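Written out below as structure tokens is the structure these notes cover.
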Number of protein chains: 2
Amino acid sequence: MEKITSNQNSKVKAWRKMQSKKGRLKAGEYIIEGWHIVGEAISHHQKLLGVMVVDEAFLTKLAVDSTRVPTYLITPEIAKHISATETPQGVFAILRTADYHNTIPKNLAGSWLLLDNIQDPGNIGTMVRTADAAGVSGIVFGNGSADIYNPKVVRAMQGSQFHLKLFSGNILDWLSKLKAQSIPTYGTELNDQAVSYQEVKPTSSFGLVMGNEGNGVAPEILAAVDQNLYIPMKGEAESLNVAVASGILIFHLVQ
Amino acid sequence: MEKITSNQNSKVKAWRKMQSKKGRLKAGEYIIEGWHIVGEAISHHQKLLGVMVVDEAFLTKLAVDSTRVPTYLITPEIAKHISATETPQGVFAILRTADYHNTIPKNLAGSWLLLDNIQDPGNIGTMVRTADAAGVSGIVFGNGSADIYNPKVVRAMQGSQFHLKLFSGNILDWLSKLKAQSIPTYGTELNDQAVSYQEVKPTSSFGLVMGNEGNGVAPEILAAVDQNLYIPMKGEAESLNVAVASGILIFHLVQ
């Protein structure tokens, strides 16, 4: 295990750069941190390009095979320097960003959640976890949505990226491919010109678009889907949190 | 309108104390801030005990009748001093804490969401908004849950406290009163010894208990309800966010 004690070390500099999208794109790698997520990566047999810990005993606890994975003992100061949190747990790993994430798969049978310009990393993470729990096949991060490998998104996803596939893409392109395969596509609207989601039958294949926290789904996307859904509200609140709305719709739609 | 320019002013000191539960209990008052929530309080005819603004024109915009409500022009420094946010909007109001909130109503016909030890103010706020949207009658903040008038909770509720009733109380007491009126009571459990929520029919009156983010509903409460519900998960995520789970259950249960 290599010991690193300086923030000026070239590896430390490289890890820190992964906080930015530019840095991640250039490296083709991203950083994960915390016991839960690093543990999930290991239990899902992800290829680790490096593991960094503040305490040698952590490697044993993680069951990392240090003959196959480069491992680094770092100081608490370095941990703080490369962490996206105020109080890092002192456990990090480097993963390759997935190469599939820009290509639309040929066979789209399955359920897809498409994020149109969702901005809050906490909302995105909760939506990914919810879709994961519901057994959704994959998630498409559309234009304007936060980056898949943004550290705050990664933390909020809690390792769900190892369970389902995450894509970056143009939602209109995805919708036209879904429609070409006769898979129903749904947008979401707050007004009652849309159809109540309760009128839609559960199905094994669908594409559901959820929209921006403030502005909803973009008009050109609302126009491109087969049907727009709304959640009837009996009370006085003007809207639902986008992650809660996703949960209600996805758990209704999945068969 | 009274002009206040010093953080040492006795009113400013009193407003600042409302950040703490002790301060709110002593005053019997709480502070709200931001255009949306103050506007909601006004449009729902809440009795305002004071309105504080950083710009005189804000009063006109809010349509506050300054002959009936004490109004104060404060400096941006004071706004920052009494605010719970980093970038206050410069609009505040003081409200009386509700006196009903410790008493269980006699007639419990209606739908009730009971929070057992929910700690994250963001989760609580989202749950209140969701319950509000679904037309739930009231919410009970059980032991260990964040304080109803905690500024972070108030901000996250977005004014829903003006639409439905919020109570502080002992959940076991509430459950026994609900049961005495033959109103079905539900807990939530993650294991499949519980009943799938889909097997429960929607109804106009019920009590639903949601539990702590990490530990779930307390065992003595699980034992006291008529039935424990779970949300079947097909995917790999281990759990749902508590606010998302509430949304799925409430929107299924309300008739």
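Every chain in the structure tokens has a letter given in the order shown (A, B, ...), and although residue numbers restart at 1 in each chain, ligands are simply numbered from 1 in the order shown.
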
*Just need the residues of chain A within 6 Å of chain B, counting only C-alpha atoms, so spit them out as a list in words.*
Thr130, Asp132, Ala133, Ala134, Gly135, Met233, Lys234, Gly235, Glu236, Ala237, Leu240, Val244, Gly247 and Ile248 of chain A

Could you write out the selected residues, including C-alpha atoms, as an mmCIF file, in the first residue's frame?
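Generated file (again-v7.cif):
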```
data_model
loop_
_atom_site.group_PDB
_atom_site.id
_atom_site.type_symbol
_atom_site.label_atom_id
_atom_site.label_comp_id
_atom_site.auth_asym_id
_atom_site.auth_seq_id
_atom_site.Cartn_x
_atom_site.Cartn_y
_atom_site.Cartn_z
ATOM 1 C CA THR A 130 -36.914 4.906 -5.886
ATOM 2 C CA ASP A 132 -34.133 1.067 -8.311
ATOM 3 C CA ALA A 133 -36.515 -0.152 -5.594
ATOM 4 C CA ALA A 134 -39.324 -0.406 -8.134
ATOM 5 C CA GLY A 135 -37.177 -2.476 -10.489
ATOM 6 C CA MET A 233 -54.698 16.358 -5.586
ATOM 7 C CA LYS A 234 -57.573 16.787 -3.181
ATOM 8 C CA GLY A 235 -55.775 19.066 -0.806
ATOM 9 C CA GLU A 236 -54.404 22.568 -1.029
ATOM 10 C CA ALA A 237 -50.695 22.059 -1.654
ATOM 11 C CA LEU A 240 -45.662 17.552 -4.979
ATOM 12 C CA VAL A 244 -42.436 11.911 -4.304
ATOM 13 C CA GLY A 247 -42.487 7.384 -6.542
ATOM 14 C CA ILE A 248 -46.276 7.515 -6.823
#
```

Could you name the residues that touch Ile104 of chain B at 10 Å or less, counting only C-alpha atoms, but leaving out those on the same chain fewer than 5 positions away, as an mmCIF file with C-alpha atoms, in the first residue's frame?
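The result, stored in selection.cif:
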```
data_model
loop_
_atom_site.group_PDB
_atom_site.id
_atom_site.type_symbol
_atom_site.label_atom_id
_atom_site.label_comp_id
_atom_site.auth_asym_id
_atom_site.auth_seq_id
_atom_site.Cartn_x
_atom_site.Cartn_y
_atom_site.Cartn_z
ATOM 1 C CA VAL B 140 -49.208 14.215 14.418
ATOM 2 C CA PHE B 167 -50.409 18.210 16.362
ATOM 3 C CA SER B 168 -47.704 17.251 18.815
ATOM 4 C CA GLY B 169 -48.579 14.128 20.675
ATOM 5 C CA ASN B 170 -47.970 10.641 21.885
ATOM 6 C CA ASP B 173 -52.452 7.753 22.756
ATOM 7 C CA TRP B 174 -53.566 8.732 19.266
ATOM 8 C CA LYS B 177 -58.339 6.980 20.403
ATOM 9 C CA LEU B 178 -58.441 6.135 16.672
#
```

*asked:* Would you compute the distance between atom CA of Glu29 of chain B and atom CA of Leu114 of chain B? Give it in Å to one decimal.
replied: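 Answer for the atom CA of Glu29 of chain B to atom CA of Leu114 of chain B separation: 23.5 Å.
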
_Please list as a ChimeraX atom specification every residue within 9 Å of Leu175 of chain B, counting only C-alpha atoms and excluding residues in the same chain fewer than 6 positions away._
/B:185,207,221,224-225

*What residues in segment 10-254 of chain B get the DSSP label helix (DSSP H, G or I)? Please answer as a PyMOL selection string.*
chain B and resi 10-17+21-27+35-43+57-62+76-82+100-102+121-134+151-157+160-162+171-180+197-199+219-224+242-253

*Rank B:Asn143, B:Thr75, B:Ser196, B:Ser10 by their smallest atom-to-atom distance to Asp116 of chain B, using only C-alpha atoms, and report the top residue only.*
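Smallest distance to Asp116 of chain B is found for B:Asn143.
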